[in-house]
>>> print(open('data_38.txt').read())   # compact mmCIF, C-alpha atoms and all ligand atoms
# COMPACT_ATOMS: atom_id res chain seq x y z
CA MET A 1 -27.46 -30.95 -1.25
CA SER A 2 -23.95 -30.89 -2.66
CA LYS A 3 -21.70 -28.02 -1.63
CA LYS A 4 -21.18 -25.09 -4.00
CA LYS A 5 -17.83 -25.14 -5.77
CA ILE A 6 -15.76 -22.02 -5.11
CA LEU A 7 -12.42 -20.98 -6.54
CA VAL A 8 -10.25 -18.61 -4.49
CA THR A 9 -7.52 -17.19 -6.75
CA ARG A 10 -4.95 -16.29 -4.04
CA ARG A 11 -4.22 -17.34 -0.44
CA TRP A 12 -6.37 -15.56 2.17
CA PRO A 13 -6.06 -15.22 5.97
CA THR A 14 -6.23 -18.68 7.54
CA ALA A 15 -9.37 -18.06 9.61
CA VAL A 16 -11.30 -17.03 6.51
CA GLU A 17 -10.01 -19.93 4.43
CA GLU A 18 -11.05 -22.33 7.21
CA LYS A 19 -14.58 -20.95 7.44
CA LEU A 20 -14.98 -20.90 3.68
CA THR A 21 -13.75 -24.47 3.40
CA ALA A 22 -16.23 -25.58 6.06
CA LEU A 23 -19.13 -24.09 4.10
CA TYR A 24 -18.19 -24.79 0.50
CA ASP A 25 -16.21 -27.10 -1.75
CA VAL A 26 -13.26 -24.74 -2.06
CA THR A 27 -10.25 -24.84 -4.35
CA LEU A 28 -7.44 -22.63 -3.09
CA ASN A 29 -4.65 -21.46 -5.36
CA GLU A 30 -1.97 -23.07 -3.19
CA SER A 31 0.89 -21.63 -5.27
CA ASP A 32 -0.39 -18.09 -4.57
CA VAL A 33 0.78 -16.82 -7.96
CA PRO A 34 -1.59 -14.92 -10.26
CA MET A 35 -3.72 -17.17 -12.43
CA THR A 36 -3.59 -16.80 -16.21
CA GLY A 37 -6.52 -15.51 -18.26
CA ALA A 38 -7.03 -19.02 -19.64
CA GLU A 39 -7.20 -20.48 -16.11
CA MET A 40 -9.70 -17.82 -15.05
CA ARG A 41 -11.84 -18.54 -18.11
CA GLN A 42 -11.83 -22.24 -17.33
CA ALA A 43 -12.72 -21.48 -13.71
CA LEU A 44 -15.87 -19.70 -14.86
CA LEU A 45 -16.95 -22.97 -16.47
CA ASP A 46 -15.98 -25.23 -13.56
CA TYR A 47 -17.04 -23.34 -10.41
CA ASP A 48 -20.24 -21.83 -8.99
CA ALA A 49 -18.35 -18.79 -7.75
CA VAL A 50 -14.94 -17.32 -8.47
CA CYS A 51 -13.30 -15.06 -5.88
CA PRO A 52 -10.63 -12.94 -7.57
CA THR A 53 -8.48 -10.29 -5.97
CA VAL A 54 -7.52 -6.83 -7.20
CA SER A 55 -4.43 -8.34 -8.85
CA ASP A 56 -6.45 -10.66 -11.13
CA LYS A 57 -7.42 -9.20 -14.47
CA VAL A 58 -10.96 -10.30 -15.25
CA ASP A 59 -11.38 -8.56 -18.59
CA ALA A 60 -13.74 -8.98 -21.53
CA ALA A 61 -11.57 -11.76 -23.03
CA VAL A 62 -11.74 -13.77 -19.79
CA LEU A 63 -15.46 -13.16 -19.52
CA ASP A 64 -16.24 -14.08 -23.10
CA VAL A 65 -17.59 -17.47 -22.04
CA ALA A 66 -20.82 -19.00 -23.28
CA SER A 67 -22.99 -20.34 -20.42
CA PRO A 68 -20.55 -20.04 -17.52
CA ARG A 69 -21.31 -22.22 -14.51
CA ALA A 70 -20.22 -19.34 -12.24
CA LYS A 71 -22.88 -16.78 -11.52
CA ILE A 72 -20.91 -14.55 -9.15
CA LEU A 73 -17.49 -12.91 -9.02
CA ALA A 74 -17.05 -12.20 -5.32
CA SER A 75 -13.96 -10.02 -5.38
CA TYR A 76 -11.63 -9.59 -2.41
CA GLY A 77 -10.94 -5.84 -2.34
CA VAL A 78 -12.85 -2.60 -2.62
CA GLY A 79 -11.63 -1.45 -6.04
CA TYR A 80 -13.07 -3.37 -8.96
CA SER A 81 -11.49 -1.79 -12.01
CA HIS A 82 -9.74 -5.15 -12.59
CA ILE A 83 -13.16 -6.56 -13.57
CA ASP A 84 -14.94 -5.56 -16.76
CA THR A 85 -18.35 -5.15 -15.15
CA ASP A 86 -20.17 -4.70 -18.49
CA ALA A 87 -18.72 -7.96 -19.78
CA ALA A 88 -19.58 -9.64 -16.46
CA LYS A 89 -23.16 -8.46 -16.74
CA LYS A 90 -23.33 -9.73 -20.32
CA ALA A 91 -22.07 -13.13 -19.15
CA GLY A 92 -24.77 -13.16 -16.45
CA LEU A 93 -22.40 -12.71 -13.50
CA VAL A 94 -23.07 -10.68 -10.38
CA VAL A 95 -20.00 -8.76 -9.09
CA THR A 96 -19.36 -7.88 -5.45
CA ASN A 97 -16.54 -6.07 -3.62
CA THR A 98 -15.48 -5.47 0.02
CA PRO A 99 -16.04 -1.81 0.91
CA GLU A 100 -15.80 0.03 4.28
CA VAL A 101 -13.63 -2.46 6.16
CA LEU A 102 -10.39 -1.18 4.63
CA SER A 103 -11.10 2.56 4.67
CA GLU A 104 -9.26 3.31 7.92
CA CYS A 105 -6.13 1.32 7.11
CA THR A 106 -5.88 2.73 3.60
CA ALA A 107 -6.29 6.25 4.99
CA ASP A 108 -3.59 5.51 7.58
CA LEU A 109 -1.27 4.55 4.75
CA ALA A 110 -2.07 7.73 2.80
CA ILE A 111 -0.98 9.73 5.85
CA THR A 112 2.12 7.54 6.23
CA LEU A 113 3.06 8.34 2.64
CA MET A 114 2.35 12.04 3.12
CA LEU A 115 4.67 12.20 6.11
CA MET A 116 7.38 10.02 4.58
CA ALA A 117 7.39 12.13 1.43
CA ALA A 118 7.30 15.44 3.31
CA ARG A 119 10.02 14.51 5.79
CA ARG A 120 12.15 12.51 3.35
CA ALA A 121 11.87 9.47 5.60
CA GLY A 122 12.59 6.90 2.88
CA GLU A 123 15.66 8.81 1.74
CA GLY A 124 16.86 9.20 5.34
CA GLU A 125 16.42 5.52 6.05
CA ARG A 126 18.36 4.60 2.92
CA GLU A 127 21.18 6.93 3.98
CA VAL A 128 21.48 5.39 7.45
CA ARG A 129 21.36 1.81 6.13
CA ALA A 130 24.02 2.63 3.56
CA HIS A 131 26.32 3.85 6.39
CA LYS A 132 26.40 7.27 4.71
CA TRP A 133 25.04 9.40 7.57
CA THR A 134 27.72 11.79 8.78
CA GLY A 135 25.82 13.30 11.73
CA TRP A 136 23.39 16.10 12.57
CA ARG A 137 23.76 19.41 10.79
CA PRO A 138 21.37 22.33 10.31
CA THR A 139 21.11 21.85 6.56
CA HIS A 140 20.83 18.10 6.41
CA MET A 141 17.94 16.46 4.52
CA ILE A 142 15.49 19.30 4.88
CA GLY A 143 11.88 18.36 4.26
CA ARG A 144 8.69 20.38 4.28
CA LYS A 145 6.18 20.97 7.04
CA VAL A 146 2.67 19.73 6.39
CA SER A 147 1.00 20.61 9.71
CA GLY A 148 -1.33 23.57 9.21
CA GLY A 149 -1.19 23.26 5.40
CA VAL A 150 -3.90 22.48 2.87
CA PHE A 151 -4.88 18.83 2.30
CA GLY A 152 -6.54 18.38 -1.08
CA VAL A 153 -8.64 15.28 -1.66
CA LEU A 154 -9.63 14.07 -5.12
CA GLY A 155 -12.46 11.60 -4.56
CA PHE A 156 -14.29 12.35 -1.30
CA GLY A 157 -15.65 8.85 -0.68
CA ARG A 158 -15.09 6.76 2.44
CA ILE A 159 -11.31 6.46 2.15
CA GLY A 160 -10.84 10.07 1.06
CA ARG A 161 -12.84 11.29 4.04
CA GLU A 162 -10.92 9.07 6.47
CA ALA A 163 -7.65 10.48 5.14
CA ALA A 164 -9.05 14.01 5.40
CA LYS A 165 -10.15 13.34 8.99
CA ARG A 166 -6.59 12.36 9.93
CA ALA A 167 -5.09 15.36 8.15
CA HIS A 168 -7.57 17.77 9.72
CA PHE A 169 -7.72 16.54 13.30
CA GLY A 170 -4.20 15.12 13.49
CA PHE A 171 -2.25 17.78 11.63
CA GLY A 172 -4.51 20.83 11.73
CA MET A 173 -4.77 20.89 7.95
CA LYS A 174 -7.49 22.69 6.03
CA VAL A 175 -9.32 20.21 3.81
CA ILE A 176 -10.45 20.99 0.28
CA TYR A 177 -11.93 18.40 -2.06
CA PHE A 178 -13.30 17.65 -5.48
CA ASP A 179 -15.74 14.85 -6.16
CA PRO A 180 -17.87 14.53 -9.28
CA PHE A 181 -20.63 12.94 -7.18
CA PRO A 182 -22.73 14.77 -4.55
CA VAL A 183 -21.33 14.61 -1.01
CA LYS A 184 -23.70 14.82 1.96
CA PRO A 185 -23.16 18.28 3.50
CA GLU A 186 -22.81 16.88 7.03
CA LEU A 187 -19.87 14.68 5.95
CA ALA A 188 -17.96 17.71 4.71
CA ALA A 189 -19.09 19.90 7.60
CA GLU A 190 -17.57 17.72 10.33
CA LEU A 191 -14.15 18.26 8.74
CA LYS A 192 -14.84 21.88 7.79
CA ALA A 193 -13.98 20.61 4.30
CA GLU A 194 -14.48 23.02 1.42
CA LYS A 195 -15.67 21.81 -1.95
CA ARG A 196 -13.93 22.92 -5.10
CA ASP A 197 -15.66 22.76 -8.49
CA THR A 198 -12.73 21.36 -10.44
CA ILE A 199 -9.72 19.09 -10.03
CA GLU A 200 -7.57 21.98 -11.20
CA GLU A 201 -8.61 24.20 -8.30
CA VAL A 202 -7.58 21.52 -5.81
CA LEU A 203 -4.24 21.00 -7.56
CA ARG A 204 -3.44 24.73 -7.54
CA GLU A 205 -4.34 25.27 -3.89
CA ALA A 206 -3.26 22.14 -2.01
CA ASP A 207 0.04 21.48 -0.26
CA VAL A 208 -0.75 17.77 -0.31
CA VAL A 209 -2.95 16.17 -2.96
CA SER A 210 -4.29 12.76 -1.97
CA LEU A 211 -5.95 10.60 -4.63
CA HIS A 212 -8.98 8.51 -3.68
CA MET A 213 -10.99 8.01 -6.85
CA PRO A 214 -11.63 4.64 -8.51
CA GLY A 215 -9.43 3.39 -11.32
CA GLY A 216 -10.62 2.30 -14.74
CA LYS A 217 -10.93 4.10 -18.03
CA ASP A 218 -12.81 7.14 -16.71
CA ASN A 219 -9.90 8.19 -14.52
CA TYR A 220 -7.04 6.90 -16.68
CA HIS A 221 -4.02 9.26 -16.42
CA LEU A 222 -6.17 11.90 -14.77
CA ILE A 223 -2.93 13.20 -13.27
CA ASN A 224 -0.79 13.98 -16.30
CA ASP A 225 1.87 16.52 -17.33
CA ASP A 226 -0.63 19.38 -17.63
CA ARG A 227 -2.24 18.77 -14.27
CA LEU A 228 1.06 18.16 -12.47
CA ALA A 229 2.18 21.55 -13.81
CA LEU A 230 -0.62 23.19 -11.81
CA MET A 231 0.67 21.92 -8.46
CA LYS A 232 2.75 24.10 -6.14
CA PRO A 233 6.53 23.58 -6.36
CA ASP A 234 6.58 22.36 -2.76
CA ALA A 235 3.47 20.17 -3.09
CA ILE A 236 3.23 16.44 -2.45
CA LEU A 237 1.18 13.92 -4.41
CA VAL A 238 -0.09 10.82 -2.60
CA ASN A 239 -1.67 7.87 -4.41
CA THR A 240 -3.29 5.02 -2.53
CA ALA A 241 -6.11 4.70 -5.08
CA ARG A 242 -5.19 3.07 -8.38
CA GLY A 243 -1.96 3.25 -10.35
CA GLU A 244 -3.55 4.07 -13.69
CA VAL A 245 -4.93 7.34 -12.32
CA VAL A 246 -1.40 8.79 -12.55
CA ASP A 247 0.80 8.92 -15.65
CA GLY A 248 3.93 7.52 -13.99
CA ALA A 249 6.34 8.86 -16.62
CA ALA A 250 4.86 12.36 -16.29
CA LEU A 251 5.13 12.17 -12.51
CA ALA A 252 8.79 11.10 -12.73
CA ARG A 253 9.45 14.13 -14.98
CA ALA A 254 7.85 16.48 -12.46
CA LEU A 255 9.79 14.92 -9.57
CA LYS A 256 13.11 15.09 -11.41
CA ARG A 257 12.59 18.70 -12.50
CA GLY A 258 11.46 19.60 -8.98
CA THR A 259 8.20 21.15 -10.19
CA ILE A 260 6.64 19.33 -7.23
CA PHE A 261 8.40 18.45 -3.99
CA ALA A 262 7.71 14.73 -3.62
CA ALA A 263 5.29 11.86 -4.11
CA GLY A 264 4.14 8.97 -1.97
CA LEU A 265 2.89 6.04 -4.04
CA ASP A 266 1.34 2.74 -2.98
CA VAL A 267 -0.15 1.78 -6.36
CA PHE A 268 1.23 1.69 -9.91
CA GLU A 269 -0.10 1.26 -13.41
CA GLY A 270 0.63 -2.35 -14.47
CA GLU A 271 1.96 -3.25 -10.99
CA PRO A 272 4.12 -4.97 -9.85
CA ARG A 273 6.00 -3.19 -12.64
CA ILE A 274 6.36 0.54 -12.16
CA ALA A 275 7.28 3.39 -14.51
CA PRO A 276 11.09 2.84 -14.70
CA ASP A 277 11.98 6.52 -14.19
CA LEU A 278 10.33 6.53 -10.77
CA TYR A 279 13.12 4.30 -9.43
CA GLU A 280 15.51 7.17 -10.12
CA CYS A 281 13.49 9.69 -8.08
CA ASP A 282 14.80 9.97 -4.55
CA ASN A 283 11.83 12.19 -3.78
CA ALA A 284 9.36 9.38 -4.49
CA VAL A 285 8.31 7.02 -1.70
CA LEU A 286 7.42 3.70 -3.31
CA LEU A 287 5.39 1.07 -1.44
CA PRO A 288 4.13 -2.31 -2.72
CA HIS A 289 0.32 -1.80 -2.56
CA LEU A 290 0.02 -2.08 1.23
CA GLY A 291 -3.11 0.06 1.77
CA SER A 292 -5.24 -2.67 3.32
CA ALA A 293 -2.36 -4.84 4.53
CA THR A 294 -3.11 -5.31 8.23
CA SER A 295 -4.20 -8.64 9.68
CA SER A 296 -7.57 -7.43 10.99
CA THR A 297 -8.42 -5.66 7.74
CA ARG A 298 -7.46 -8.56 5.50
CA GLU A 299 -9.63 -10.85 7.67
CA ALA A 300 -12.51 -8.39 7.59
CA MET A 301 -12.27 -8.30 3.79
CA GLY A 302 -12.57 -12.08 3.74
CA TRP A 303 -15.64 -12.04 6.01
CA ARG A 304 -17.19 -9.53 3.65
CA VAL A 305 -16.66 -11.87 0.67
CA LEU A 306 -18.22 -14.64 2.71
CA SER A 307 -21.35 -12.65 3.50
CA ASN A 308 -21.70 -11.77 -0.19
CA LEU A 309 -21.48 -15.45 -1.15
CA GLU A 310 -23.90 -16.49 1.59
CA ALA A 311 -26.48 -13.92 0.51
CA PHE A 312 -26.09 -14.84 -3.14
CA PHE A 313 -26.50 -18.58 -2.61
CA ASP A 314 -29.52 -17.90 -0.31
CA GLY A 315 -31.17 -16.10 -3.20
CA ARG A 316 -30.74 -12.62 -1.65
CA THR A 317 -29.01 -9.60 -3.16
CA PRO A 318 -25.42 -9.60 -1.88
CA PRO A 319 -24.83 -6.58 0.38
CA ASP A 320 -21.86 -5.37 -1.66
CA ARG A 321 -23.17 -5.91 -5.17
CA VAL A 322 -21.54 -3.48 -7.60
CA ALA A 323 -22.76 -5.01 -10.87
C1 LIG B 1 -8.52 -2.63 -2.76
O1 LIG B 1 -9.15 -3.34 -1.98
O2 LIG B 1 -9.03 -2.13 -3.76
C2 LIG B 1 -7.09 -2.36 -2.43
O3 LIG B 1 -6.42 -1.73 -3.42
C3 LIG B 1 -6.39 -3.62 -1.98
O4 LIG B 1 -6.82 -3.83 -0.71
>>> encode(input="data_38.txt", output="structure tokens", more="lines below")
Ligand code: DGY
Amino acid sequence: MSKKKILVTRRWPTAVEEKLTALYDVTLNESDVPMTGAEMRQALLDYDAVCPTVSDKVDAAVLDVASPRAKILASYGVGYSHIDTDAAKKAGLVVTNTPEVLSECTADLAITLMLMAARRAGEGEREVRAHKWTGWRPTHMIGRKVSGGVFGVLGFGRIGREAAKRAHFGFGMKVIYFDPFPVKPELAAELKAEKRDTIEEVLREADVVSLHMPGGKDNYHLINDDRLALMKPDAILVNTARGEVVDGAALARALKRGTIFAAGLDVFEGEPRIAPDLYECDNAVLLPHLGSATSSTREAMGWRVLSNLEAFFDGRTPPDRVA
């Protein structure tokens, strides 16, 4: 039997590429630059499976293909708001993602951002590197203490709970959360986490607000001028979820006016571009979407794609089917 033809849209960890290549007839995007919509469309006609990443836009226009050869989009990443799942369904494509394996590392990064923003670590590092540090003094670069404060989680799924675990057990923080979906009581109980009925309640009460909901149109600009105005003046906003959840221009306004203390951001609407005003905010920590960027996690994500492909081509339901 001839091998299934697979297109991988970006370079992956070597071990995963090697295994994939042994099993399938694989085309790797050697140049490692994002593919165009037209190339993705063509790929749906030429390959049995296409493996996009979270930086490939697989929208309705790309998926508007009559009789695609591909029957599965096995995405490398947990978030799948880059794929129009309704259009994929209409085109007869199964969609899978890579959950669980990146929860810990993404939560680690949320805590990194919280601490960097609270303790002005990015600003401090820039000062030292610019040879502008004049020495210790009692009033120099004063941050804010987060230990013992309130950690507010919006989206109490796997990553949100991992972040909450670190905040609670590592920094003695009280955890409050909002999630529109039911959360098993035992998962909240182990962190003594208290549910709030609205996003607004979390924003008003938390010292640190950490975002962990999916992207897409339902959560587009969920954090906007009005909601930022509810946060405490010394509060910190952390986003390791999806850029479009936050109105970047509104956040820059809040940071410049000092109506919140700081923000730690790993994701941006329309990345790699970011809202231009954010560059001017010294109280914003800006990272280039590093949530899952550790070698073991990026490999684990690849193995997860592989098991989805294997199940699909064996005629089984892929373990991480999302559409
Ligand atoms: C994801 O998987 O959704 C992250 O944003 C990238 O690892």
>>> residues_near_ligand(input="data_38.txt", ligand="ligand LIG 1 (chain B)", cutoff="10 Å", atoms="all atoms listed in the file", output="ChimeraX atom specification")
/A:53-55,75-82,97-103,105-106,214-215,240-243,266-267,289-294,297-298,301
>>> atom_distance(input="data_38.txt", atom1="atom CA of A:Leu109", atom2="atom CA of A:Val128")
22.9 Å
>>> closest_residue(input="data_38.txt", among="A:Thr198, A:Thr112, A:Ser296, A:Asn239", to="A:Met213", atoms="all atoms listed in the file")
A:Asn239
>>> residues_around(input="data_38.txt", residues="A:Leu20", least_positions_apart="4", cutoff="12 Å", atoms="all atoms listed in the file", output="ChimeraX atom specification")
/A:3-8,12-16,24-28,51,302-310
>>> residues_near_point(input="data_38.txt", point="(-1.1, 24.0, 6.6)", cutoff="10 Å", atoms="all atoms listed in the file", output="list in words")
Lys145, Val146, Ser147, Gly148, Gly149, Val150, Phe151, Ala167, His168, Phe171, Gly172, Met173, Lys174, Val175, Ala206, Asp207 and Val208 of chain A
>>> residues_around(input="data_38.txt", residues="A:Asp64", least_positions_apart="6", cutoff="12 Å", atoms="all atoms listed in the file", output="MDAnalysis selection string")
chainID A and resid 37:38 40:42 44:45 58 84 86:93
>>> atom_distance(input="data_38.txt", atom1="atom CA of A:His131", atom2="atom CA of A:Leu286")
21.2 Å
>>> residues_around(input="data_38.txt", residues="stretch 233-236 of chain A", least_positions_apart="6", cutoff="10 Å", atoms="only C-alpha atoms", output="ChimeraX atom specification")
/A:113-115,117-118,143-146,150-151,203-210,254-255,257-264,283-284
